[in-house]
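Chemist: My structure is in input02.txt, and what it holds is compact mmCIF, C-alpha atoms and all ligand atoms:
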# COMPACT_ATOMS: atom_id res chain seq x y z
CA MET B 145 158.14 -88.21 -3.63
CA SER B 146 158.80 -84.93 -1.86
CA ILE B 147 159.97 -84.40 1.75
CA VAL B 148 160.58 -81.32 3.96
CA THR B 149 161.76 -81.00 7.59
CA CYS B 150 161.44 -77.83 9.62
CA ILE B 151 161.85 -76.60 13.21
CA ALA B 152 159.81 -73.73 14.71
CA PRO B 153 159.89 -71.79 18.00
CA VAL B 154 157.59 -71.50 20.97
CA ASN B 155 156.48 -67.91 21.66
CA ILE B 156 155.52 -66.24 24.95
CA ALA B 157 153.21 -63.23 24.70
CA VAL B 158 153.90 -59.97 26.53
CA ILE B 159 150.56 -58.52 25.38
CA LYS B 160 148.16 -61.45 25.52
CA TYR B 161 145.68 -62.84 23.05
CA TRP B 162 142.60 -63.75 25.09
CA GLY B 163 139.26 -63.98 23.29
CA LYS B 164 138.03 -64.64 19.75
CA ARG B 165 135.49 -62.71 17.71
CA ASP B 166 135.17 -65.64 15.27
CA GLU B 167 135.59 -69.16 16.63
CA ASP B 168 135.87 -70.90 13.25
CA LEU B 169 138.37 -68.59 11.61
CA ILE B 170 140.20 -67.94 14.92
CA LEU B 171 139.96 -64.15 14.75
CA PRO B 172 140.99 -62.39 17.99
CA ILE B 173 139.33 -59.48 19.77
CA ASN B 174 142.65 -57.65 20.21
CA ASP B 175 146.19 -57.37 18.84
CA SER B 176 148.95 -59.22 20.74
CA ILE B 177 152.76 -59.15 20.92
CA SER B 178 155.18 -61.98 21.72
CA LEU B 179 158.83 -62.99 21.66
CA SER B 180 159.86 -66.16 19.87
CA LEU B 181 162.21 -68.29 21.97
CA ASP B 182 165.45 -69.94 20.94
CA THR B 183 164.74 -73.30 19.27
CA GLN B 184 167.77 -74.86 20.99
CA GLN B 185 165.80 -75.14 24.23
CA LEU B 186 162.20 -75.32 22.99
CA CYS B 187 161.01 -76.21 19.54
CA THR B 188 158.83 -78.45 17.44
CA LYS B 189 160.39 -80.42 14.60
CA THR B 190 158.12 -81.58 11.79
CA THR B 191 158.69 -83.67 8.66
CA VAL B 192 156.06 -83.66 5.92
CA MET B 193 156.20 -86.04 2.97
CA ALA B 194 153.96 -86.36 -0.10
CA SER B 195 154.06 -89.46 -2.26
CA PRO B 196 151.95 -91.23 -4.93
CA ASN B 197 152.44 -94.40 -2.85
CA PHE B 198 150.54 -93.14 0.19
CA LYS B 199 146.94 -94.40 0.47
CA GLU B 200 145.79 -91.82 3.03
CA ASN B 201 146.94 -88.79 4.98
CA LYS B 202 148.56 -89.75 8.31
CA ILE B 203 150.03 -87.97 11.31
CA TRP B 204 152.30 -89.03 14.20
CA LEU B 205 152.73 -86.68 17.17
CA ASN B 206 155.47 -87.30 19.71
CA GLY B 207 155.76 -90.96 18.70
CA ARG B 208 152.04 -91.81 18.51
CA GLU B 209 149.74 -91.98 15.55
CA GLU B 210 146.85 -89.52 15.96
CA SER B 211 143.67 -88.86 14.00
CA ILE B 212 144.21 -86.69 10.93
CA ASN B 213 140.55 -85.63 11.08
CA ASN B 214 141.22 -82.95 13.65
CA LYS B 215 139.44 -79.80 12.45
CA ARG B 216 142.34 -77.44 13.03
CA LEU B 217 144.77 -79.72 11.25
CA GLN B 218 142.38 -79.96 8.30
CA ASN B 219 142.09 -76.14 8.27
CA CYS B 220 145.84 -75.81 7.79
CA LEU B 221 146.13 -78.59 5.22
CA GLU B 222 143.21 -77.40 3.12
CA LYS B 223 144.09 -73.73 3.33
CA ILE B 224 147.66 -74.18 2.18
CA LYS B 225 146.65 -76.48 -0.67
CA SER B 226 144.06 -73.98 -1.86
CA LYS B 227 146.58 -71.13 -1.83
CA ALA B 228 149.48 -73.00 -3.45
CA THR B 229 149.70 -73.61 -7.20
CA LEU B 230 149.85 -77.40 -7.29
CA THR B 231 150.48 -79.68 -10.23
CA ASN B 232 147.61 -82.14 -10.81
CA GLU B 233 149.90 -84.91 -9.67
CA MET B 234 150.80 -83.22 -6.40
CA GLU B 235 147.13 -82.38 -5.79
CA MET B 236 146.36 -86.12 -5.67
CA TRP B 237 149.28 -87.21 -3.49
CA LYS B 238 148.55 -87.96 0.15
CA VAL B 239 150.74 -86.58 2.89
CA HIS B 240 152.43 -88.12 5.95
CA ILE B 241 153.29 -85.83 8.87
CA CYS B 242 155.56 -86.59 11.80
CA SER B 243 156.14 -84.06 14.56
CA ASN B 244 158.10 -84.07 17.85
CA ASN B 245 158.81 -81.52 20.55
CA ASN B 246 162.32 -81.24 22.00
CA PHE B 247 160.78 -80.67 25.46
CA PRO B 248 158.34 -82.71 27.58
CA THR B 249 154.77 -82.03 26.44
CA ALA B 250 153.60 -82.76 29.96
CA ALA B 251 155.43 -79.66 31.22
CA GLY B 252 152.41 -77.59 30.18
CA LEU B 253 154.46 -75.27 27.97
CA ALA B 254 152.51 -73.92 25.02
CA SER B 255 153.35 -76.39 22.31
CA SER B 256 150.48 -75.83 19.91
CA ALA B 257 151.96 -72.50 18.71
CA ALA B 258 155.27 -74.08 17.73
CA GLY B 259 153.44 -77.14 16.37
CA TYR B 260 151.10 -75.37 13.97
CA ALA B 261 153.75 -72.82 12.91
CA CYS B 262 156.09 -75.69 12.10
CA LEU B 263 153.46 -77.69 10.23
CA THR B 264 152.43 -74.66 8.15
CA ALA B 265 156.03 -73.70 7.33
CA ALA B 266 156.85 -77.30 6.34
CA LEU B 267 153.73 -77.64 4.14
CA ALA B 268 154.44 -74.25 2.53
CA LYS B 269 157.81 -75.49 1.33
CA LEU B 270 156.42 -78.88 0.30
CA TYR B 271 153.80 -77.17 -1.88
CA ASN B 272 156.07 -74.34 -3.01
CA PHE B 273 153.94 -71.60 -1.45
CA THR B 274 155.82 -68.36 -0.82
CA GLY B 275 153.10 -65.98 0.44
CA ASP B 276 152.22 -65.06 4.06
CA ILE B 277 151.85 -68.21 6.16
CA SER B 278 150.85 -66.54 9.43
CA GLU B 279 147.21 -66.43 8.33
CA ILE B 280 147.29 -70.19 7.70
CA ALA B 281 149.10 -71.04 10.96
CA ARG B 282 146.47 -68.95 12.77
CA THR B 283 143.71 -71.31 11.68
CA GLY B 284 145.54 -74.15 13.52
CA SER B 285 146.06 -72.28 16.78
CA GLY B 286 145.73 -68.50 17.16
CA SER B 287 149.07 -67.89 18.83
CA ALA B 288 150.81 -70.06 16.18
CA CYS B 289 150.66 -67.15 13.73
CA ARG B 290 153.28 -65.36 15.88
CA SER B 291 155.67 -68.35 15.80
CA VAL B 292 156.15 -68.07 12.02
CA PHE B 293 158.59 -65.25 12.73
CA GLY B 294 161.59 -65.01 15.00
CA GLY B 295 162.36 -62.12 17.35
CA PHE B 296 159.62 -59.70 18.45
CA VAL B 297 156.28 -60.26 16.75
CA ARG B 298 152.90 -58.53 16.58
CA TRP B 299 149.66 -60.21 15.58
CA TYR B 300 147.28 -57.66 14.10
CA MET B 301 143.67 -58.57 14.88
CA GLY B 302 142.52 -57.17 11.50
CA SER B 303 138.97 -56.18 10.62
CA ASP B 304 138.10 -58.19 7.51
CA PRO B 305 135.44 -60.86 8.26
CA THR B 306 137.38 -63.40 6.16
CA GLY B 307 140.51 -63.01 8.30
CA VAL B 308 142.87 -62.04 5.45
CA ASP B 309 144.26 -59.15 7.48
CA SER B 310 144.52 -61.04 10.78
CA ILE B 311 148.21 -61.74 10.32
CA ALA B 312 151.49 -61.50 12.20
CA LYS B 313 154.42 -59.23 11.37
CA GLN B 314 157.88 -59.00 12.85
CA ILE B 315 158.54 -55.87 14.93
CA ALA B 316 162.28 -56.57 15.21
CA PRO B 317 164.58 -59.57 14.70
CA ALA B 318 166.11 -61.50 17.64
CA SER B 319 169.44 -59.69 17.11
CA HIS B 320 167.78 -56.34 17.91
CA TRP B 321 167.90 -56.86 21.69
CA PRO B 322 170.64 -59.44 22.32
CA GLU B 323 170.72 -58.89 26.10
CA MET B 324 167.13 -60.10 26.56
CA ARG B 325 166.86 -63.36 28.52
CA ILE B 326 163.97 -65.61 29.44
CA ILE B 327 163.72 -67.87 32.49
CA ILE B 328 160.86 -70.36 32.48
CA LEU B 329 159.89 -71.67 35.89
CA VAL B 330 158.15 -74.99 35.37
CA VAL B 331 155.87 -75.30 38.36
CA ASN B 332 155.28 -78.67 39.97
CA ASP B 333 151.57 -79.07 39.51
CA VAL B 334 149.36 -81.76 38.13
CA SER B 335 146.01 -80.03 38.51
CA LYS B 336 143.59 -80.31 35.62
CA LYS B 337 143.56 -77.14 33.59
CA ILE B 338 140.94 -75.53 31.41
CA PRO B 339 142.23 -75.47 27.81
CA SER B 340 142.83 -71.90 26.61
CA ALA B 341 140.26 -72.29 23.81
CA VAL B 342 137.55 -73.18 26.35
CA GLY B 343 138.66 -70.53 28.86
CA MET B 344 138.69 -67.67 26.37
CA LYS B 345 135.33 -68.66 24.91
CA THR B 346 133.72 -68.55 28.35
CA SER B 347 135.46 -65.22 29.04
CA VAL B 348 134.01 -63.69 25.84
CA GLN B 349 130.55 -64.99 26.80
CA THR B 350 130.53 -63.95 30.46
CA SER B 351 133.19 -61.39 31.41
CA GLU B 352 132.36 -57.71 31.39
CA LEU B 353 135.98 -56.76 31.98
CA ILE B 354 137.12 -58.41 28.75
CA LYS B 355 135.32 -55.80 26.65
CA TYR B 356 137.07 -52.95 28.44
CA ARG B 357 140.39 -54.75 28.09
CA ALA B 358 139.99 -55.35 24.33
CA GLU B 359 138.50 -51.98 23.46
CA VAL B 360 140.33 -49.59 25.78
CA CYS B 361 143.45 -51.12 27.39
CA VAL B 362 145.09 -53.31 24.75
CA PRO B 363 144.92 -50.84 21.83
CA LYS B 364 146.98 -48.38 23.92
CA ARG B 365 149.27 -51.05 25.31
CA VAL B 366 150.28 -52.64 22.00
CA GLU B 367 151.49 -49.28 20.70
CA LEU B 368 153.44 -48.58 23.91
CA MET B 369 154.89 -52.09 23.89
CA GLN B 370 155.96 -51.87 20.25
CA LYS B 371 157.70 -48.55 21.03
CA ALA B 372 159.37 -50.00 24.17
CA ILE B 373 160.74 -52.88 22.07
CA ILE B 374 162.01 -50.63 19.27
CA GLN B 375 163.66 -48.30 21.81
CA LYS B 376 164.89 -51.21 23.99
CA ASN B 377 163.28 -49.56 27.00
CA PHE B 378 163.33 -52.49 29.47
CA LYS B 379 161.50 -50.67 32.27
CA GLN B 380 158.53 -49.86 30.05
CA PHE B 381 158.63 -53.33 28.41
CA ALA B 382 158.62 -55.06 31.80
CA GLU B 383 155.88 -52.96 33.39
CA LEU B 384 153.56 -53.45 30.40
CA THR B 385 154.30 -57.20 30.41
CA MET B 386 153.35 -57.59 34.08
CA ARG B 387 150.28 -55.36 33.85
CA ASP B 388 149.03 -57.26 30.83
CA SER B 389 149.54 -60.67 32.44
CA ASN B 390 147.76 -59.42 35.58
CA GLN B 391 144.88 -58.16 33.47
CA MET B 392 144.50 -61.35 31.47
CA HIS B 393 144.24 -63.30 34.74
CA ALA B 394 141.83 -60.71 36.17
CA VAL B 395 139.61 -61.35 33.14
CA CYS B 396 139.96 -65.08 33.80
CA LEU B 397 138.65 -64.54 37.35
CA ASP B 398 135.89 -62.29 36.02
CA THR B 399 134.82 -65.21 33.83
CA TYR B 400 131.85 -67.18 35.12
CA PRO B 401 132.59 -69.84 36.25
CA PRO B 402 136.12 -68.46 36.84
CA CYS B 403 139.28 -69.85 35.24
CA ASN B 404 141.94 -69.98 37.89
CA TYR B 405 145.22 -70.72 36.15
CA LEU B 406 147.64 -69.49 38.80
CA THR B 407 148.62 -71.69 41.75
CA ASP B 408 150.10 -70.76 45.14
CA THR B 409 153.57 -71.22 43.63
CA SER B 410 152.78 -68.90 40.70
CA HIS B 411 151.54 -66.27 43.18
CA ALA B 412 154.64 -66.72 45.35
CA ILE B 413 156.88 -66.14 42.28
CA ILE B 414 154.90 -63.03 41.32
CA ASP B 415 155.24 -61.72 44.92
CA LEU B 416 158.98 -62.37 44.94
CA ILE B 417 159.55 -60.55 41.63
CA SER B 418 157.40 -57.60 42.74
CA SER B 419 159.29 -57.37 46.05
CA TYR B 420 162.65 -57.63 44.29
CA ASN B 421 161.76 -54.84 41.85
CA ASP B 422 160.58 -52.72 44.81
CA ALA B 423 163.75 -53.37 46.80
CA SER B 424 165.86 -52.50 43.73
CA ASN B 425 163.99 -49.20 43.23
CA SER B 426 163.65 -50.09 39.57
CA ILE B 427 162.20 -52.81 37.37
CA LYS B 428 164.74 -55.57 36.84
CA VAL B 429 162.47 -58.49 35.97
CA ALA B 430 159.02 -59.02 34.47
CA TYR B 431 156.81 -62.05 35.08
CA THR B 432 154.08 -63.36 32.82
CA ASN B 433 151.71 -66.36 32.90
CA ASP B 434 149.71 -68.00 30.13
CA ALA B 435 146.81 -70.38 30.70
CA GLY B 436 148.68 -72.41 33.31
CA PRO B 437 150.79 -72.15 36.48
CA ASN B 438 154.26 -71.94 34.86
CA THR B 439 155.68 -68.46 35.23
CA VAL B 440 157.97 -66.95 32.59
CA LEU B 441 160.45 -64.22 33.53
CA TYR B 442 161.84 -61.63 31.10
CA LEU B 443 165.05 -59.93 32.21
CA LEU B 444 168.37 -58.60 30.93
CA GLU B 445 171.47 -60.81 30.85
CA GLU B 446 173.26 -58.85 33.61
CA ASN B 447 170.52 -59.68 36.13
CA VAL B 448 170.27 -63.42 35.47
CA PRO B 449 172.79 -64.56 38.18
CA HIS B 450 171.04 -62.46 40.87
CA VAL B 451 167.56 -63.61 39.92
CA LEU B 452 168.62 -67.26 39.79
CA GLY B 453 170.12 -66.78 43.26
CA LEU B 454 166.77 -65.52 44.54
CA ILE B 455 164.90 -68.43 42.96
CA ASP B 456 167.39 -70.92 44.47
CA TYR B 457 166.91 -69.34 47.89
CA PHE B 458 163.13 -68.99 47.97
CA PHE B 459 162.23 -72.04 45.84
CA PRO B 460 164.83 -74.67 46.74
CA PRO B 461 164.83 -77.78 44.54
CA ASN B 462 164.05 -81.07 46.29
CA GLU B 463 166.46 -83.96 46.75
CA THR B 464 165.26 -85.80 43.66
CA SER B 465 166.05 -82.86 41.36
CA ASN B 466 169.08 -83.95 39.35
CA ASN B 467 171.60 -82.00 37.34
CA ASN B 468 168.93 -81.49 34.71
CA TYR B 469 167.15 -79.08 37.08
CA LYS B 470 168.58 -75.99 35.37
CA ARG B 471 168.46 -76.26 31.58
CA GLY B 472 169.88 -74.05 28.82
CA ASN B 473 173.34 -73.36 30.32
CA PRO B 474 172.46 -70.61 32.78
CA PRO B 475 175.30 -68.67 34.41
CA ALA B 476 176.18 -69.45 38.06
CA SER B 477 173.72 -67.99 40.59
CA ILE B 478 174.72 -65.18 42.96
CA SER B 479 173.22 -65.66 46.44
CA PRO B 480 171.13 -62.75 47.71
CA SER B 481 172.84 -60.51 50.28
CA LYS B 482 171.58 -60.36 53.87
CA ASP B 483 170.59 -56.78 53.26
CA LEU B 484 168.44 -57.72 50.25
CA LEU B 485 166.82 -60.64 52.11
CA GLU B 486 165.78 -58.26 54.88
CA LYS B 487 164.15 -55.94 52.37
CA LEU B 488 162.19 -58.72 50.70
CA ASN B 489 159.03 -59.61 52.50
CA CYS B 490 158.91 -63.19 51.20
CA LYS B 491 158.74 -66.67 52.68
CA LYS B 492 160.83 -69.67 51.65
CA GLN B 493 158.62 -72.13 49.74
CA GLN B 494 158.41 -75.86 50.12
CA GLU B 495 161.27 -77.73 48.43
CA GLY B 496 160.46 -78.87 44.91
CA SER B 497 157.61 -76.44 44.25
CA ILE B 498 159.49 -75.60 41.03
CA LYS B 499 160.07 -78.76 38.96
CA TYR B 500 162.80 -77.32 36.74
CA ILE B 501 164.10 -74.11 35.20
CA ILE B 502 164.79 -73.30 31.55
CA HIS B 503 167.16 -70.44 30.74
CA THR B 504 166.84 -69.21 27.17
CA ARG B 505 166.91 -66.19 24.87
CA VAL B 506 165.05 -64.71 21.92
CA GLY B 507 165.47 -66.79 18.76
CA GLU B 508 164.82 -67.22 15.08
CA GLY B 509 161.64 -68.22 13.26
CA PRO B 510 161.04 -71.50 11.39
CA THR B 511 164.19 -73.02 9.90
CA TYR B 512 164.39 -75.75 7.26
CA LEU B 513 166.77 -78.65 7.85
CA ASP B 514 168.09 -79.93 4.52
CA ASP B 515 170.30 -82.75 5.79
CA PRO B 516 168.33 -85.99 5.07
CA SER B 517 169.45 -87.45 8.42
CA GLU B 518 167.21 -84.82 10.08
CA HIS B 519 164.01 -86.20 8.52
CA LEU B 520 161.66 -87.86 11.01
CA LEU B 521 160.19 -90.13 8.28
CA ASN B 522 162.06 -92.89 6.42
CA ASN B 523 161.88 -93.51 2.66
CA SER B 524 158.63 -95.46 3.06
CA GLY B 525 157.06 -92.51 4.91
CA LEU B 526 157.04 -94.15 8.35
CA PRO B 527 158.49 -92.60 11.53
CA LYS B 528 162.16 -93.55 11.89
CA ASP B 529 161.86 -94.05 15.64
CA LEU B 530 158.78 -96.26 15.85
O1 LIG Y 1 146.70 -70.02 20.62
P1 LIG Y 1 146.06 -70.59 21.86
O2 LIG Y 1 144.68 -71.05 21.62
O3 LIG Y 1 146.95 -71.65 22.47
O4 LIG Y 1 145.94 -69.41 22.95
C1 LIG Y 1 147.02 -68.86 23.62
C2 LIG Y 1 146.60 -67.92 24.67
C3 LIG Y 1 147.68 -67.45 25.64
O5 LIG Y 1 148.82 -68.29 25.58
C4 LIG Y 1 147.13 -67.53 27.04
C5 LIG Y 1 148.07 -66.00 25.37
C6 LIG Y 1 148.92 -65.74 24.16
O6 LIG Y 1 148.80 -64.65 23.60
O7 LIG Y 1 149.74 -66.60 23.79
Once more with this new file: its structure as structure tokens, please.
Modeler:
Amino acid sequence: MSIVTCIAPVNIAVIKYWGKRDEDLILPINDSISLSLDTQQLCTKTTVMASPNFKENKIWLNGREESINNKRLQNCLEKIKSKATLTNEMEMWKVHICSNNNFPTAAGLASSAAGYACLTAALAKLYNFTGDISEIARTGSGSACRSVFGGFVRWYMGSDPTGVDSIAKQIAPASHWPEMRIIILVVNDVSKKIPSAVGMKTSVQTSELIKYRAEVCVPKRVELMQKAIIQKNFKQFAELTMRDSNQMHAVCLDTYPPCNYLTDTSHAIIDLISSYNDASNSIKVAYTNDAGPNTVLYLLEENVPHVLGLIDYFFPPNETSNNNYKRGNPPASISPSKDLLEKLNCKKQQEGSIKYIIHTRVGEGPTYLDDPSEHLLNNSGLPKDL
């Protein structure tokens, strides 16, 4: 019997991946760049176990048994087995997988990236594979290839039709820019959303803008963004982040029928941040949105109390919000001055339009947990908490 437990981070892109050139191999139409977030606040934990006693492969996700015959899951399992040098015995053994997120899945935070990165990293150790795992994680979920590293990460689109060169590489470790902070505004919204895989496929089929974005804009932007990160140039980093988020959502609207991921609350947050940057005569905060209404802010540590003060003022929590409203030990807010409020052309939003706030920082890549008490599966290969 062999067992491995691993945790892996969520990542939030600052230059977005939107569109595939190969649906089966998950090959993108442009490079992308993201930051991996601290696993203390957001992570997936996965235990994988192989044993001669198991009759079939099995998987439990967030406490429920799911079908193992999911195509993307099979991609990862088969690919890693074919790359690893397995003993005949190990080749025959079936595997049990158990995976949990340390955050509510219903919050609409990208969990598939952390999930597939974690699964791939865990399987790699189980099967003793030491090569690049980003290519394998990619075949589970595109953005997962960036979560196999910590810090600042670039996914190179590559050009080989087999996908061997469509891999992620670290630009800089988390320690490179220790002042960087992330505030995730979880928006109170239950509207049905179009999954990113469906949205980007329709965009590739119908949007004219997407071609211009992939061929002209992103190639320039990824180089500028990489430079901004290496030089720790926040102004440049933030402007590129906002422009790229705006452009991804412009492509989504140029898609036919359109994919409208942003809600009134997301737009109100974007307006507030733009007004605040204007009033400050500089760029203090960047916003970015993925395929959903939650807005993620990138900012430097020194500005966190002021920005939290603005959020508290313009997006007051409702009475039912408890002391779990602000997560990740944020510093105390500083209320906006009268002078600043006059400069900002923004309206107070309805109470509770933000469900909760997560304060976090840039973090490490997948980490193995060797203490047996961390395993999610017991000695018989069943989830401990079922
Ligand atoms: O990897 P997927 O299929 O979940 O796609 C992610 C796409 C975005 O989150 C919208 C952008 C990105 O680069 O992460």
Chemist: Nearest to Lys227 of chain B among B:His411, B:Leu329, B:His320, B:Tyr271, with distances taken over all atoms listed in the file: which residue is it?
Modeler: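 When distances to Lys227 of chain B are compared using all atoms listed in the file, the smallest one comes from B:Tyr271.
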Chemist: Would you pick out the contacts of segment 279-296 of chain B at 7 Å or less, using all atoms listed in the file, so that residues sharing its chain but fewer than 3 positions from it are not included, and give the list as a PyMOL selection string?
Modeler: chain B and resi 152-155+169-170+178-180+216-217+219-220+223-224+256-258+260-261+264+276+299+308+310-312+314-318+506-510
Chemist: Residues at most 6 Å from ligand LIG 1 (chain Y), using all atoms listed in the file? Could they come as a ChimeraX atom specification?
Modeler: /B:156-157,160-162,285-287,340-341,434-435
Chemist: Segment 519-521 of chain B: which residues within 10 Å, counting all atoms listed in the file, same-chain residues fewer than 6 positions away excluded, as JSON, numbers by chain?
Modeler: {"B": [147, 148, 149, 150, 189, 190, 191, 192, 193, 204, 240, 241, 242, 243, 244, 513, 527, 528, 529, 530]}
Chemist: Which polymer residues, protein or nucleic acid, are no farther than 12 Å from (147.9, -76.9, -6.1), counting all atoms listed in the file, as a PyMOL selection string?
Modeler: chain B and resi 221-237+267-268+270-273
Chemist: Pick out the closest residue to Gly259 of chain B from this set: B:Asn421, B:Gln375, B:Asn246, B:Asn467. Count only C-alpha atoms.
Modeler: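 For Gly259 of chain B, the nearest of the given residues is B:Asn246.
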Chemist: For atom CA of Lys487 of chain B and atom CA of Ile417 of chain B, determine how far apart the two atoms are, in Å to one decimal place.
Modeler: 12.6 Å
Chemist: From the options B:Ser524, B:Lys269, B:Val395, B:Ile177, which residue's atoms come nearest to Tyr356 of chain B, counting all atoms listed in the file?
Modeler: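 Selected residue with least distance to Tyr356 of chain B: B:Val395.
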Chemist: Considering all atoms listed in the file, state which residue in the set B:Thr432, B:Asn377, B:Thr249, B:Thr399 is at the smallest distance from Thr346 of chain B.
Modeler: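 Checking each candidate against Thr346 of chain B, we get B:Thr399 as the closest.
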Chemist: Return the single residue from B:Val239, B:Asn174, B:Ser389, B:Asn332 that is closest to Glu200 of chain B, with distances computed using all atoms listed in the file.
Modeler: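 Between B:Val239, B:Asn174, B:Ser389, B:Asn332, the residue approaching Glu200 of chain B most closely is B:Val239.
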Chemist: Up to 6 Å from (155.4, -63.0, 35.8) in the file's coordinates: name the residues, counting all atoms listed in the file, as a PDB file with C-alpha atoms, in the frame of the given file.
Modeler:
ATOM      1  CA  ILE B 414     154.900 -63.030  41.320  1.00  0.00           C
ATOM      2  CA  ALA B 430     159.020 -59.020  34.470  1.00  0.00           C
ATOM      3  CA  TYR B 431     156.810 -62.050  35.080  1.00  0.00           C
ATOM      4  CA  THR B 432     154.080 -63.360  32.820  1.00  0.00           C
ATOM      5  CA  ASN B 433     151.710 -66.360  32.900  1.00  0.00           C
ATOM      6  CA  THR B 439     155.680 -68.460  35.230  1.00  0.00           C
ATOM      7  CA  VAL B 440     157.970 -66.950  32.590  1.00  0.00           C
ATOM      8  CA  LEU B 441     160.450 -64.220  33.530  1.00  0.00           C
TER       9      LEU B 441
END
Chemist: Just checking: using only C-alpha atoms, which residue out of B:Leu526, B:Leu181, B:Cys403, B:Ile338 ends up closest to Thr350 of chain B?
Modeler: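 With only C-alpha atoms as the atom set, the closest residue is B:Cys403.
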Chemist: In Å, how far is it from atom CA of Met392 of chain B to atom CA of Phe247 of chain B?
Modeler: 26.0 Å
Chemist: For the atom pair atom CA of Pro449 of chain B and atom CA of Asp415 of chain B, what is the interatomic distance in Å to one decimal place?
Modeler: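 Separating atom CA of Pro449 of chain B from atom CA of Asp415 of chain B is a distance of 19.0 Å.
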Chemist: Quick one: residues within 8 Å of Asp175 of chain B, all atoms listed in the file counted, chain neighbours fewer than 2 positions away excluded, as a count of residues only?
Modeler: 12
Chemist: Write out as a PyMOL selection string which residues come within 10 Å of Leu397 of chain B when counting all atoms listed in the file, dropping same-chain ones fewer than 6 positions away.
Modeler: chain B and resi 347+351+353+391+403-405
Chemist: For those residues, write C-alpha atoms to a file as an mmCIF file, keeping the file's coordinate frame.
Modeler:
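Contents of part_9.cif, as written:
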data_model
loop_
_atom_site.group_PDB
_atom_site.id
_atom_site.type_symbol
_atom_site.label_atom_id
_atom_site.label_comp_id
_atom_site.auth_asym_id
_atom_site.auth_seq_id
_atom_site.Cartn_x
_atom_site.Cartn_y
_atom_site.Cartn_z
ATOM 1 C CA SER B 347 135.460 -65.220 29.040
ATOM 2 C CA SER B 351 133.190 -61.390 31.410
ATOM 3 C CA LEU B 353 135.980 -56.760 31.980
ATOM 4 C CA GLN B 391 144.880 -58.160 33.470
ATOM 5 C CA CYS B 403 139.280 -69.850 35.240
ATOM 6 C CA ASN B 404 141.940 -69.980 37.890
ATOM 7 C CA TYR B 405 145.220 -70.720 36.150
#
